[in-house]
$ cat final_25.pdb   # PDB, N, CA and C atoms
MODEL        1
ATOM      1  N   MET A  99     -19.232 -14.873   4.280
ATOM      2  CA  MET A  99     -18.984 -13.591   4.912
ATOM      3  C   MET A  99     -18.267 -12.634   3.965
ATOM      4  N   SER A 100     -17.470 -13.156   3.044
ATOM      5  CA  SER A 100     -16.635 -12.272   2.244
ATOM      6  C   SER A 100     -16.590 -12.709   0.791
ATOM      7  N   ALA A 101     -16.324 -11.751  -0.068
ATOM      8  CA  ALA A 101     -16.145 -12.053  -1.481
ATOM      9  C   ALA A 101     -14.706 -12.501  -1.759
ATOM     10  N   LEU A 102     -13.821 -12.326  -0.782
ATOM     11  CA  LEU A 102     -12.433 -12.727  -0.967
ATOM     12  C   LEU A 102     -12.296 -14.224  -0.755
ATOM     13  N   PRO A 103     -11.430 -14.878  -1.546
ATOM     14  CA  PRO A 103     -11.239 -16.320  -1.364
ATOM     15  C   PRO A 103     -10.531 -16.623  -0.047
ATOM     16  N   ASP A 104     -10.888 -17.765   0.531
ATOM     17  CA  ASP A 104     -10.240 -18.229   1.755
ATOM     18  C   ASP A 104      -9.025 -19.068   1.407
ATOM     19  N   VAL A 105      -7.979 -18.946   2.217
ATOM     20  CA  VAL A 105      -6.848 -19.852   2.119
ATOM     21  C   VAL A 105      -6.772 -20.627   3.428
ATOM     22  N   THR A 106      -6.194 -21.813   3.350
ATOM     23  CA  THR A 106      -6.020 -22.672   4.510
ATOM     24  C   THR A 106      -4.544 -23.015   4.651
ATOM     25  N   GLN A 107      -4.217 -23.749   5.709
ATOM     26  CA  GLN A 107      -2.825 -24.165   5.893
ATOM     27  C   GLN A 107      -2.331 -24.951   4.691
ATOM     28  N   SER A 108      -3.218 -25.737   4.061
ATOM     29  CA  SER A 108      -2.777 -26.558   2.933
ATOM     30  C   SER A 108      -2.671 -25.767   1.630
ATOM     31  N   THR A 109      -3.481 -24.717   1.442
ATOM     32  CA  THR A 109      -3.416 -23.941   0.198
ATOM     33  C   THR A 109      -2.495 -22.720   0.294
ATOM     34  N   PHE A 110      -2.109 -22.346   1.505
ATOM     35  CA  PHE A 110      -1.276 -21.154   1.729
ATOM     36  C   PHE A 110       0.039 -21.189   0.939
ATOM     37  N   PRO A 111       0.798 -22.297   0.960
ATOM     38  CA  PRO A 111       2.074 -22.290   0.229
ATOM     39  C   PRO A 111       1.927 -21.976  -1.253
ATOM     40  N   THR A 112       0.902 -22.497  -1.891
ATOM     41  CA  THR A 112       0.703 -22.252  -3.322
ATOM     42  C   THR A 112       0.066 -20.894  -3.573
ATOM     43  N   ALA A 113      -1.039 -20.608  -2.872
ATOM     44  CA  ALA A 113      -1.825 -19.394  -3.132
ATOM     45  C   ALA A 113      -1.108 -18.120  -2.704
ATOM     46  N   VAL A 114      -0.318 -18.191  -1.639
ATOM     47  CA  VAL A 114       0.327 -16.982  -1.104
ATOM     48  C   VAL A 114       1.829 -16.977  -1.381
ATOM     49  N   LEU A 115       2.524 -17.978  -0.878
ATOM     50  CA  LEU A 115       3.987 -17.987  -1.003
ATOM     51  C   LEU A 115       4.442 -18.208  -2.437
ATOM     52  N   GLY A 116       3.645 -18.931  -3.230
ATOM     53  CA  GLY A 116       4.034 -19.223  -4.606
ATOM     54  C   GLY A 116       3.447 -18.278  -5.639
ATOM     55  N   SER A 117       2.751 -17.244  -5.197
ATOM     56  CA  SER A 117       2.111 -16.311  -6.125
ATOM     57  C   SER A 117       3.146 -15.462  -6.851
ATOM     58  N   ASP A 118       2.869 -15.179  -8.135
ATOM     59  CA  ASP A 118       3.790 -14.333  -8.900
ATOM     60  C   ASP A 118       3.490 -12.853  -8.717
ATOM     61  N   LYS A 119       2.445 -12.520  -7.974
ATOM     62  CA  LYS A 119       2.196 -11.113  -7.648
ATOM     63  C   LYS A 119       2.009 -10.986  -6.139
ATOM     64  N   PRO A 120       2.118  -9.770  -5.599
ATOM     65  CA  PRO A 120       1.951  -9.600  -4.154
ATOM     66  C   PRO A 120       0.581 -10.118  -3.697
ATOM     67  N   VAL A 121       0.551 -10.622  -2.465
ATOM     68  CA  VAL A 121      -0.689 -11.150  -1.890
ATOM     69  C   VAL A 121      -0.917 -10.494  -0.537
ATOM     70  N   LEU A 122      -2.106  -9.912  -0.352
ATOM     71  CA  LEU A 122      -2.495  -9.363   0.947
ATOM     72  C   LEU A 122      -3.377 -10.394   1.628
ATOM     73  N   VAL A 123      -2.925 -10.896   2.776
ATOM     74  CA  VAL A 123      -3.678 -11.891   3.532
ATOM     75  C   VAL A 123      -4.364 -11.198   4.701
ATOM     76  N   ASP A 124      -5.679 -11.358   4.777
ATOM     77  CA  ASP A 124      -6.489 -10.825   5.866
ATOM     78  C   ASP A 124      -6.694 -11.949   6.877
ATOM     79  N   PHE A 125      -5.930 -11.908   7.985
ATOM     80  CA  PHE A 125      -6.096 -12.881   9.063
ATOM     81  C   PHE A 125      -7.252 -12.405   9.938
ATOM     82  N   TRP A 126      -8.259 -13.252  10.140
ATOM     83  CA  TRP A 126      -9.485 -12.859  10.818
ATOM     84  C   TRP A 126     -10.069 -14.058  11.566
ATOM     85  N   ALA A 127     -11.146 -13.809  12.314
ATOM     86  CA  ALA A 127     -11.922 -14.870  12.963
ATOM     87  C   ALA A 127     -13.388 -14.432  12.988
ATOM     88  N   PRO A 128     -14.307 -15.397  12.935
ATOM     89  CA  PRO A 128     -15.734 -15.057  12.859
ATOM     90  C   PRO A 128     -16.250 -14.267  14.058
ATOM     91  N   TRP A 129     -15.683 -14.445  15.230
ATOM     92  CA  TRP A 129     -16.145 -13.779  16.444
ATOM     93  C   TRP A 129     -15.586 -12.366  16.597
ATOM     94  N   CYS A 130     -14.702 -11.949  15.706
ATOM     95  CA  CYS A 130     -13.971 -10.685  15.829
ATOM     96  C   CYS A 130     -14.747  -9.541  15.162
ATOM     97  N   GLY A 131     -15.290  -8.638  15.978
ATOM     98  CA  GLY A 131     -16.047  -7.498  15.456
ATOM     99  C   GLY A 131     -15.236  -6.605  14.529
ATOM    100  N   PRO A 132     -14.026  -6.178  14.944
ATOM    101  CA  PRO A 132     -13.222  -5.351  14.046
ATOM    102  C   PRO A 132     -12.896  -6.054  12.727
ATOM    103  N   CYS A 133     -12.766  -7.391  12.760
ATOM    104  CA  CYS A 133     -12.517  -8.143  11.522
ATOM    105  C   CYS A 133     -13.694  -7.991  10.564
ATOM    106  N   ARG A 134     -14.896  -8.081  11.114
ATOM    107  CA  ARG A 134     -16.094  -7.941  10.273
ATOM    108  C   ARG A 134     -16.221  -6.518   9.738
ATOM    109  N   MET A 135     -15.752  -5.540  10.509
ATOM    110  CA  MET A 135     -15.778  -4.151  10.050
ATOM    111  C   MET A 135     -14.739  -3.912   8.956
ATOM    112  N   LEU A 136     -13.588  -4.579   9.055
ATOM    113  CA  LEU A 136     -12.509  -4.366   8.098
ATOM    114  C   LEU A 136     -12.768  -5.073   6.769
ATOM    115  N   SER A 137     -13.490  -6.171   6.810
ATOM    116  CA  SER A 137     -13.700  -6.986   5.614
ATOM    117  C   SER A 137     -14.205  -6.185   4.407
ATOM    118  N   PRO A 138     -15.264  -5.370   4.531
ATOM    119  CA  PRO A 138     -15.705  -4.617   3.351
ATOM    120  C   PRO A 138     -14.699  -3.567   2.886
ATOM    121  N   VAL A 139     -13.872  -3.058   3.795
ATOM    122  CA  VAL A 139     -12.836  -2.096   3.429
ATOM    123  C   VAL A 139     -11.789  -2.790   2.552
ATOM    124  N   VAL A 140     -11.368  -3.982   2.967
ATOM    125  CA  VAL A 140     -10.387  -4.746   2.187
ATOM    126  C   VAL A 140     -10.985  -5.124   0.833
ATOM    127  N   GLU A 141     -12.263  -5.520   0.824
ATOM    128  CA  GLU A 141     -12.915  -5.880  -0.436
ATOM    129  C   GLU A 141     -12.967  -4.695  -1.394
ATOM    130  N   LYS A 142     -13.174  -3.494  -0.859
ATOM    131  CA  LYS A 142     -13.210  -2.293  -1.704
ATOM    132  C   LYS A 142     -11.832  -2.053  -2.335
ATOM    133  N   VAL A 143     -10.779  -2.185  -1.547
ATOM    134  CA  VAL A 143      -9.424  -2.014  -2.072
ATOM    135  C   VAL A 143      -9.142  -3.097  -3.119
ATOM    136  N   ALA A 144      -9.571  -4.323  -2.824
ATOM    137  CA  ALA A 144      -9.370  -5.432  -3.768
ATOM    138  C   ALA A 144     -10.066  -5.151  -5.094
ATOM    139  N   GLY A 145     -11.227  -4.506  -5.039
ATOM    140  CA  GLY A 145     -11.963  -4.187  -6.252
ATOM    141  C   GLY A 145     -11.202  -3.262  -7.176
ATOM    142  N   SER A 146     -10.363  -2.401  -6.608
ATOM    143  CA  SER A 146      -9.625  -1.457  -7.448
ATOM    144  C   SER A 146      -8.182  -1.885  -7.725
ATOM    145  N   LEU A 147      -7.617  -2.757  -6.890
ATOM    146  CA  LEU A 147      -6.217  -3.164  -7.085
ATOM    147  C   LEU A 147      -6.074  -4.655  -7.387
ATOM    148  N   GLY A 148      -7.188  -5.340  -7.572
ATOM    149  CA  GLY A 148      -7.169  -6.784  -7.747
ATOM    150  C   GLY A 148      -6.378  -7.281  -8.942
ATOM    151  N   ASP A 149      -6.086  -6.390  -9.899
ATOM    152  CA  ASP A 149      -5.284  -6.811 -11.046
ATOM    153  C   ASP A 149      -3.788  -6.805 -10.715
ATOM    154  N   ARG A 150      -3.397  -6.069  -9.671
ATOM    155  CA  ARG A 150      -1.979  -5.950  -9.313
ATOM    156  C   ARG A 150      -1.604  -6.705  -8.043
ATOM    157  N   VAL A 151      -2.613  -6.985  -7.204
ATOM    158  CA  VAL A 151      -2.399  -7.651  -5.917
ATOM    159  C   VAL A 151      -3.478  -8.704  -5.740
ATOM    160  N   SER A 152      -3.114  -9.876  -5.222
ATOM    161  CA  SER A 152      -4.113 -10.877  -4.860
ATOM    162  C   SER A 152      -4.556 -10.615  -3.426
ATOM    163  N   PHE A 153      -5.823 -10.825  -3.152
ATOM    164  CA  PHE A 153      -6.380 -10.624  -1.819
ATOM    165  C   PHE A 153      -7.035 -11.919  -1.366
ATOM    166  N   VAL A 154      -6.655 -12.390  -0.185
ATOM    167  CA  VAL A 154      -7.235 -13.611   0.372
ATOM    168  C   VAL A 154      -7.478 -13.425   1.865
ATOM    169  N   LYS A 155      -8.288 -14.329   2.439
ATOM    170  CA  LYS A 155      -8.578 -14.305   3.868
ATOM    171  C   LYS A 155      -8.142 -15.621   4.484
ATOM    172  N   MET A 156      -7.704 -15.569   5.748
ATOM    173  CA  MET A 156      -7.384 -16.785   6.482
ATOM    174  C   MET A 156      -8.019 -16.718   7.865
ATOM    175  N   ASN A 157      -8.866 -17.709   8.150
ATOM    176  CA  ASN A 157      -9.517 -17.816   9.452
ATOM    177  C   ASN A 157      -8.492 -18.346  10.458
ATOM    178  N   THR A 158      -8.143 -17.513  11.442
ATOM    179  CA  THR A 158      -7.105 -17.901  12.395
ATOM    180  C   THR A 158      -7.566 -19.009  13.335
ATOM    181  N   ASP A 159      -8.871 -19.123  13.569
ATOM    182  CA  ASP A 159      -9.374 -20.209  14.413
ATOM    183  C   ASP A 159      -9.174 -21.561  13.738
ATOM    184  N   GLU A 160      -9.323 -21.595  12.421
ATOM    185  CA  GLU A 160      -9.210 -22.847  11.673
ATOM    186  C   GLU A 160      -7.780 -23.134  11.220
ATOM    187  N   ASN A 161      -6.913 -22.131  11.242
ATOM    188  CA  ASN A 161      -5.536 -22.277  10.753
ATOM    189  C   ASN A 161      -4.540 -21.662  11.734
ATOM    190  N   PRO A 162      -4.551 -22.123  12.983
ATOM    191  CA  PRO A 162      -3.716 -21.454  13.991
ATOM    192  C   PRO A 162      -2.211 -21.587  13.754
ATOM    193  N   SER A 163      -1.758 -22.669  13.145
ATOM    194  CA  SER A 163      -0.305 -22.810  12.990
ATOM    195  C   SER A 163       0.259 -21.824  11.974
ATOM    196  N   THR A 164      -0.478 -21.562  10.888
ATOM    197  CA  THR A 164       0.004 -20.582   9.906
ATOM    198  C   THR A 164      -0.011 -19.186  10.520
ATOM    199  N   ALA A 165      -1.075 -18.849  11.237
ATOM    200  CA  ALA A 165      -1.147 -17.545  11.898
ATOM    201  C   ALA A 165       0.011 -17.396  12.883
ATOM    202  N   GLY A 166       0.283 -18.445  13.651
ATOM    203  CA  GLY A 166       1.380 -18.408  14.612
ATOM    204  C   GLY A 166       2.740 -18.293  13.944
ATOM    205  N   GLN A 167       2.893 -18.957  12.811
ATOM    206  CA  GLN A 167       4.157 -18.932  12.077
ATOM    207  C   GLN A 167       4.529 -17.506  11.670
ATOM    208  N   TYR A 168       3.514 -16.676  11.388
ATOM    209  CA  TYR A 168       3.765 -15.297  10.972
ATOM    210  C   TYR A 168       3.525 -14.287  12.089
ATOM    211  N   GLY A 169       3.466 -14.778  13.327
ATOM    212  CA  GLY A 169       3.394 -13.882  14.482
ATOM    213  C   GLY A 169       2.106 -13.101  14.592
ATOM    214  N   VAL A 170       1.003 -13.675  14.114
ATOM    215  CA  VAL A 170      -0.289 -12.994  14.216
ATOM    216  C   VAL A 170      -0.800 -13.175  15.643
ATOM    217  N   SER A 171      -0.709 -12.113  16.444
ATOM    218  CA  SER A 171      -1.163 -12.197  17.829
ATOM    219  C   SER A 171      -2.403 -11.357  18.066
ATOM    220  N   GLY A 172      -2.700 -10.467  17.154
ATOM    221  CA  GLY A 172      -3.903  -9.643  17.236
ATOM    222  C   GLY A 172      -4.577  -9.626  15.878
ATOM    223  N   ILE A 173      -5.900  -9.658  15.882
ATOM    224  CA  ILE A 173      -6.643  -9.611  14.621
ATOM    225  C   ILE A 173      -7.663  -8.485  14.680
ATOM    226  N   PRO A 174      -8.058  -7.932  13.544
ATOM    227  CA  PRO A 174      -7.602  -8.300  12.212
ATOM    228  C   PRO A 174      -6.136  -7.943  11.998
ATOM    229  N   CYS A 175      -5.497  -8.732  11.143
ATOM    230  CA  CYS A 175      -4.096  -8.500  10.804
ATOM    231  C   CYS A 175      -3.950  -8.701   9.302
ATOM    232  N   LEU A 176      -3.509  -7.666   8.633
ATOM    233  CA  LEU A 176      -3.260  -7.744   7.193
ATOM    234  C   LEU A 176      -1.762  -7.878   6.992
ATOM    235  N   ILE A 177      -1.342  -8.943   6.310
ATOM    236  CA  ILE A 177       0.079  -9.118   6.016
ATOM    237  C   ILE A 177       0.249  -9.173   4.502
ATOM    238  N   LEU A 178       1.171  -8.359   4.002
ATOM    239  CA  LEU A 178       1.480  -8.347   2.578
ATOM    240  C   LEU A 178       2.676  -9.249   2.321
ATOM    241  N   PHE A 179       2.492 -10.195   1.400
ATOM    242  CA  PHE A 179       3.555 -11.114   0.999
ATOM    243  C   PHE A 179       4.003 -10.763  -0.415
ATOM    244  N   LYS A 180       5.321 -10.718  -0.599
ATOM    245  CA  LYS A 180       5.904 -10.468  -1.913
ATOM    246  C   LYS A 180       7.035 -11.459  -2.097
ATOM    247  N   GLY A 181       7.012 -12.201  -3.181
ATOM    248  CA  GLY A 181       8.069 -13.169  -3.434
ATOM    249  C   GLY A 181       8.197 -14.214  -2.345
ATOM    250  N   GLY A 182       7.064 -14.571  -1.726
ATOM    251  CA  GLY A 182       7.073 -15.593  -0.685
ATOM    252  C   GLY A 182       7.488 -15.101   0.689
ATOM    253  N   GLN A 183       7.714 -13.798   0.831
ATOM    254  CA  GLN A 183       8.142 -13.229   2.106
ATOM    255  C   GLN A 183       7.116 -12.228   2.628
ATOM    256  N   ALA A 184       6.913 -12.215   3.945
ATOM    257  CA  ALA A 184       6.071 -11.195   4.569
ATOM    258  C   ALA A 184       6.866  -9.894   4.578
ATOM    259  N   VAL A 185       6.334  -8.853   3.914
ATOM    260  CA  VAL A 185       7.087  -7.600   3.786
ATOM    261  C   VAL A 185       6.475  -6.434   4.563
ATOM    262  N   ASP A 186       5.208  -6.555   4.968
ATOM    263  CA  ASP A 186       4.575  -5.463   5.704
ATOM    264  C   ASP A 186       3.333  -5.989   6.389
ATOM    265  N   ARG A 187       2.864  -5.278   7.418
ATOM    266  CA  ARG A 187       1.640  -5.702   8.101
ATOM    267  C   ARG A 187       0.934  -4.520   8.734
ATOM    268  N   ILE A 188      -0.361  -4.688   8.903
ATOM    269  CA  ILE A 188      -1.210  -3.732   9.607
ATOM    270  C   ILE A 188      -2.041  -4.548  10.583
ATOM    271  N   VAL A 189      -2.073  -4.127  11.853
ATOM    272  CA  VAL A 189      -2.868  -4.824  12.855
ATOM    273  C   VAL A 189      -3.979  -3.894  13.332
ATOM    274  N   GLY A 190      -5.188  -4.441  13.403
ATOM    275  CA  GLY A 190      -6.332  -3.674  13.876
ATOM    276  C   GLY A 190      -7.124  -3.058  12.735
ATOM    277  N   PHE A 191      -8.251  -2.462  13.094
ATOM    278  CA  PHE A 191      -9.093  -1.820  12.087
ATOM    279  C   PHE A 191      -8.436  -0.512  11.655
ATOM    280  N   VAL A 192      -8.339  -0.306  10.352
ATOM    281  CA  VAL A 192      -7.754   0.917   9.804
ATOM    282  C   VAL A 192      -8.627   1.406   8.649
ATOM    283  N   PRO A 193      -8.545   2.683   8.322
ATOM    284  CA  PRO A 193      -9.304   3.180   7.171
ATOM    285  C   PRO A 193      -8.698   2.706   5.852
ATOM    286  N   GLU A 194      -9.507   2.777   4.820
ATOM    287  CA  GLU A 194      -9.094   2.345   3.477
ATOM    288  C   GLU A 194      -7.777   2.976   3.049
ATOM    289  N   GLN A 195      -7.611   4.266   3.325
ATOM    290  CA  GLN A 195      -6.411   4.986   2.884
ATOM    291  C   GLN A 195      -5.134   4.377   3.462
ATOM    292  N   THR A 196      -5.181   3.881   4.696
ATOM    293  CA  THR A 196      -4.009   3.275   5.321
ATOM    294  C   THR A 196      -3.592   2.016   4.561
ATOM    295  N   ILE A 197      -4.570   1.212   4.168
ATOM    296  CA  ILE A 197      -4.286  -0.009   3.414
ATOM    297  C   ILE A 197      -3.709   0.356   2.045
ATOM    298  N   ARG A 198      -4.318   1.338   1.392
ATOM    299  CA  ARG A 198      -3.837   1.767   0.072
ATOM    300  C   ARG A 198      -2.397   2.291   0.141
ATOM    301  N   GLN A 199      -2.091   3.068   1.180
ATOM    302  CA  GLN A 199      -0.742   3.620   1.322
ATOM    303  C   GLN A 199       0.285   2.505   1.476
ATOM    304  N   MET A 200      -0.052   1.494   2.293
ATOM    305  CA  MET A 200       0.871   0.371   2.479
ATOM    306  C   MET A 200       1.090  -0.366   1.161
ATOM    307  N   LEU A 201       0.017  -0.633   0.434
ATOM    308  CA  LEU A 201       0.145  -1.343  -0.841
ATOM    309  C   LEU A 201       0.886  -0.497  -1.876
ATOM    310  N   ASP A 202       0.543   0.778  -1.962
ATOM    311  CA  ASP A 202       1.204   1.665  -2.929
ATOM    312  C   ASP A 202       2.714   1.723  -2.702
ATOM    313  N   LYS A 203       3.121   1.740  -1.445
ATOM    314  CA  LYS A 203       4.545   1.799  -1.100
ATOM    315  C   LYS A 203       5.277   0.589  -1.692
ATOM    316  N   HIS A 204       4.657  -0.591  -1.616
ATOM    317  CA  HIS A 204       5.316  -1.811  -2.108
ATOM    318  C   HIS A 204       5.132  -2.003  -3.611
ATOM    319  N   LEU A 205       4.020  -1.518  -4.147
ATOM    320  CA  LEU A 205       3.806  -1.642  -5.599
ATOM    321  C   LEU A 205       4.715  -0.686  -6.347
ATOM    322  N   ALA A 206       4.972   0.469  -5.768
ATOM    323  CA  ALA A 206       5.848   1.447  -6.418
ATOM    324  C   ALA A 206       7.273   0.924  -6.490
ATOM    325  N   ALA A 207       7.641   0.096  -5.527
ATOM    326  CA  ALA A 207       8.999  -0.455  -5.491
ATOM    327  C   ALA A 207       9.154  -1.652  -6.420
ATOM    328  N   ALA A 208       8.042  -2.118  -6.968
ATOM    329  CA  ALA A 208       8.095  -3.320  -7.821
ATOM    330  C   ALA A 208       8.662  -3.002  -9.192
TER
ENDMDL
END

$ encode --input "final_25.pdb" --output "structure tokens"
Amino acid sequence: MSALPDVTQSTFPTAVLGSDKPVLVDFWAPWCGPCRMLSPVVEKVAGSLGDRVSFVKMNTDENPSTAGQYGVSGIPCLILFKGGQAVDRIVGFVPEQTIRQMLDKHLAAA
């Protein structure tokens, strides 16, 4: 479904929490229409910022405990992790500019 790599409960600690650069996690599910609409938007942002931010996807149906641990109650949900901590989130379908603004705010502070 996506060009972005998938993370699971077992790979999340290394791929996301242990990353040396910010990581945007796209929490989604296959049955979620807005998730499918958001996926190409996130991929477009990843294409231009992929050198400064890692982008991954997590299927909430297959990884419910990790989604629950970070309070994901609505999807799609984009959570930005920096230094192993969740620092920002966007819930629901949003335009590309909204995602860029959130990332720019945290990259500028780096």

$ residues_near_point --input "final_25.pdb" --point "(1.5, -12.7, -4.0)" --cutoff "6.5 Å" --atoms "all atoms listed in the file" --output "ChimeraX atom specification"
/A:113-122,152,179-182

$ select_by_dssp --input "final_25.pdb" --residues "chain A" --states "alpha helix (DSSP H)" --output "PyMOL selection string"
chain A and resi 110+131-147+162-167+194-206

$ residues_around --input "final_25.pdb" --residues "A:Ile177" --least-positions-apart "2" --cutoff "6.5 Å" --atoms "only N, CA and C atoms" --output "ChimeraX atom specification"
/A:121-125,175,179,184-188

$ axis_aligned_box --input "final_25.pdb" --around "stretch 160-178 of chain A" --padding-each-side "3 Å" --output "JSON"
{"center_x": -2.4, "center_y": -15.4, "center_z": 10.2, "size_x": 19.9, "size_y": 21.5, "size_z": 21.7}

$ residues_around --input "final_25.pdb" --residues "A:Pro132" --least-positions-apart "3" --cutoff "8 Å" --atoms "only C-alpha atoms" --output "short mmCIF file (atom, residue, chain, number, x, y, z; two decimals) with N, CA and C atoms, keeping the file's coordinate frame"
data_model
loop_
_atom_site.label_atom_id
_atom_site.label_comp_id
_atom_site.auth_asym_id
_atom_site.auth_seq_id
_atom_site.Cartn_x
_atom_site.Cartn_y
_atom_site.Cartn_z
N MET A 135 -15.75 -5.54 10.51
CA MET A 135 -15.78 -4.15 10.05
C MET A 135 -14.74 -3.91 8.96
N LEU A 136 -13.59 -4.58 9.06
CA LEU A 136 -12.51 -4.37 8.10
C LEU A 136 -12.77 -5.07 6.77
N ILE A 173 -5.90 -9.66 15.88
CA ILE A 173 -6.64 -9.61 14.62
C ILE A 173 -7.66 -8.48 14.68
N PRO A 174 -8.06 -7.93 13.54
CA PRO A 174 -7.60 -8.30 12.21
C PRO A 174 -6.14 -7.94 12.00
N GLY A 190 -5.19 -4.44 13.40
CA GLY A 190 -6.33 -3.67 13.88
C GLY A 190 -7.12 -3.06 12.74
N PHE A 191 -8.25 -2.46 13.09
CA PHE A 191 -9.09 -1.82 12.09
C PHE A 191 -8.44 -0.51 11.66
#

$ atom_distance --input "final_25.pdb" --atom1 "atom N of A:Thr158" --atom2 "atom N of A:Glu141"
16.5 Å

$ atom_distance --input "final_25.pdb" --atom1 "atom C of A:Ser108" --atom2 "atom N of A:Val192"
27.5 Å

$ atom_distance --input "final_25.pdb" --atom1 "atom CA of A:Arg150" --atom2 "atom CA of A:Leu201"
9.9 Å

$ resolve_selection --input "final_25.pdb" --expression "the PyMOL selection byres ((chain A and resi 127) around 6)" --output "ChimeraX atom specification"
/A:125-126,128-130,133,157-159

$ resolve_selection --input "final_25.pdb" --expression "the PyMOL selection byres (((chain A and resi 143 and name CA) around 12) and name CA)" --output "PyMOL selection string"
chain A and resi 102+122+136-142+144-153+193-202

$ write_last_selection --input "final_25.pdb" --atoms "N, CA and C atoms" --output "tab-separated table (two decimals), in the frame of the given file"
chain	number	residue	atom	x	y	z
A	102	LEU	N	-13.82	-12.33	-0.78
A	102	LEU	CA	-12.43	-12.73	-0.97
A	102	LEU	C	-12.30	-14.22	-0.76
A	122	LEU	N	-2.11	-9.91	-0.35
A	122	LEU	CA	-2.50	-9.36	0.95
A	122	LEU	C	-3.38	-10.39	1.63
A	136	LEU	N	-13.59	-4.58	9.06
A	136	LEU	CA	-12.51	-4.37	8.10
A	136	LEU	C	-12.77	-5.07	6.77
A	137	SER	N	-13.49	-6.17	6.81
A	137	SER	CA	-13.70	-6.99	5.61
A	137	SER	C	-14.20	-6.18	4.41
A	138	PRO	N	-15.26	-5.37	4.53
A	138	PRO	CA	-15.70	-4.62	3.35
A	138	PRO	C	-14.70	-3.57	2.89
A	139	VAL	N	-13.87	-3.06	3.80
A	139	VAL	CA	-12.84	-2.10	3.43
A	139	VAL	C	-11.79	-2.79	2.55
A	140	VAL	N	-11.37	-3.98	2.97
A	140	VAL	CA	-10.39	-4.75	2.19
A	140	VAL	C	-10.98	-5.12	0.83
A	141	GLU	N	-12.26	-5.52	0.82
A	141	GLU	CA	-12.92	-5.88	-0.44
A	141	GLU	C	-12.97	-4.70	-1.39
A	142	LYS	N	-13.17	-3.49	-0.86
A	142	LYS	CA	-13.21	-2.29	-1.70
A	142	LYS	C	-11.83	-2.05	-2.34
A	144	ALA	N	-9.57	-4.32	-2.82
A	144	ALA	CA	-9.37	-5.43	-3.77
A	144	ALA	C	-10.07	-5.15	-5.09
A	145	GLY	N	-11.23	-4.51	-5.04
A	145	GLY	CA	-11.96	-4.19	-6.25
A	145	GLY	C	-11.20	-3.26	-7.18
A	146	SER	N	-10.36	-2.40	-6.61
A	146	SER	CA	-9.62	-1.46	-7.45
A	146	SER	C	-8.18	-1.88	-7.72
A	147	LEU	N	-7.62	-2.76	-6.89
A	147	LEU	CA	-6.22	-3.16	-7.08
A	147	LEU	C	-6.07	-4.66	-7.39
A	148	GLY	N	-7.19	-5.34	-7.57
A	148	GLY	CA	-7.17	-6.78	-7.75
A	148	GLY	C	-6.38	-7.28	-8.94
A	149	ASP	N	-6.09	-6.39	-9.90
A	149	ASP	CA	-5.28	-6.81	-11.05
A	149	ASP	C	-3.79	-6.80	-10.72
A	150	ARG	N	-3.40	-6.07	-9.67
A	150	ARG	CA	-1.98	-5.95	-9.31
A	150	ARG	C	-1.60	-6.70	-8.04
A	151	VAL	N	-2.61	-6.98	-7.20
A	151	VAL	CA	-2.40	-7.65	-5.92
A	151	VAL	C	-3.48	-8.70	-5.74
A	152	SER	N	-3.11	-9.88	-5.22
A	152	SER	CA	-4.11	-10.88	-4.86
A	152	SER	C	-4.56	-10.62	-3.43
A	153	PHE	N	-5.82	-10.82	-3.15
A	153	PHE	CA	-6.38	-10.62	-1.82
A	153	PHE	C	-7.04	-11.92	-1.37
A	193	PRO	N	-8.54	2.68	8.32
A	193	PRO	CA	-9.30	3.18	7.17
A	193	PRO	C	-8.70	2.71	5.85
A	194	GLU	N	-9.51	2.78	4.82
A	194	GLU	CA	-9.09	2.35	3.48
A	194	GLU	C	-7.78	2.98	3.05
A	195	GLN	N	-7.61	4.27	3.32
A	195	GLN	CA	-6.41	4.99	2.88
A	195	GLN	C	-5.13	4.38	3.46
A	196	THR	N	-5.18	3.88	4.70
A	196	THR	CA	-4.01	3.28	5.32
A	196	THR	C	-3.59	2.02	4.56
A	197	ILE	N	-4.57	1.21	4.17
A	197	ILE	CA	-4.29	-0.01	3.41
A	197	ILE	C	-3.71	0.36	2.04
A	198	ARG	N	-4.32	1.34	1.39
A	198	ARG	CA	-3.84	1.77	0.07
A	198	ARG	C	-2.40	2.29	0.14
A	199	GLN	N	-2.09	3.07	1.18
A	199	GLN	CA	-0.74	3.62	1.32
A	199	GLN	C	0.28	2.50	1.48
A	200	MET	N	-0.05	1.49	2.29
A	200	MET	CA	0.87	0.37	2.48
A	200	MET	C	1.09	-0.37	1.16
A	201	LEU	N	0.02	-0.63	0.43
A	201	LEU	CA	0.14	-1.34	-0.84
A	201	LEU	C	0.89	-0.50	-1.88
A	202	ASP	N	0.54	0.78	-1.96
A	202	ASP	CA	1.20	1.66	-2.93
A	202	ASP	C	2.71	1.72	-2.70

$ closest_residue --input "final_25.pdb" --among "A:Gln107, A:Gly131, A:Gly172, A:Ala101" --to "A:Glu160" --atoms "only C-alpha atoms"
A:Gln107

$ select_by_dssp --input "final_25.pdb" --residues "chain A" --states "strand (DSSP E or B)" --output "list in words"
Asp104, Val121, Leu122, Val123, Asp124, Phe125, Trp126, Ser152, Phe153, Val154, Lys155, Met156, Asn157, Cys175, Leu176, Ile177, Leu178, Phe179, Lys180, Gln183, Ala184, Val185, Asp186, Arg187, Ile188 and Val189 of chain A

$ closest_residue --input "final_25.pdb" --among "A:Lys203, A:Gly169, A:Pro103, A:Gln183" --to "A:Val154" --atoms "all atoms listed in the file"
A:Pro103
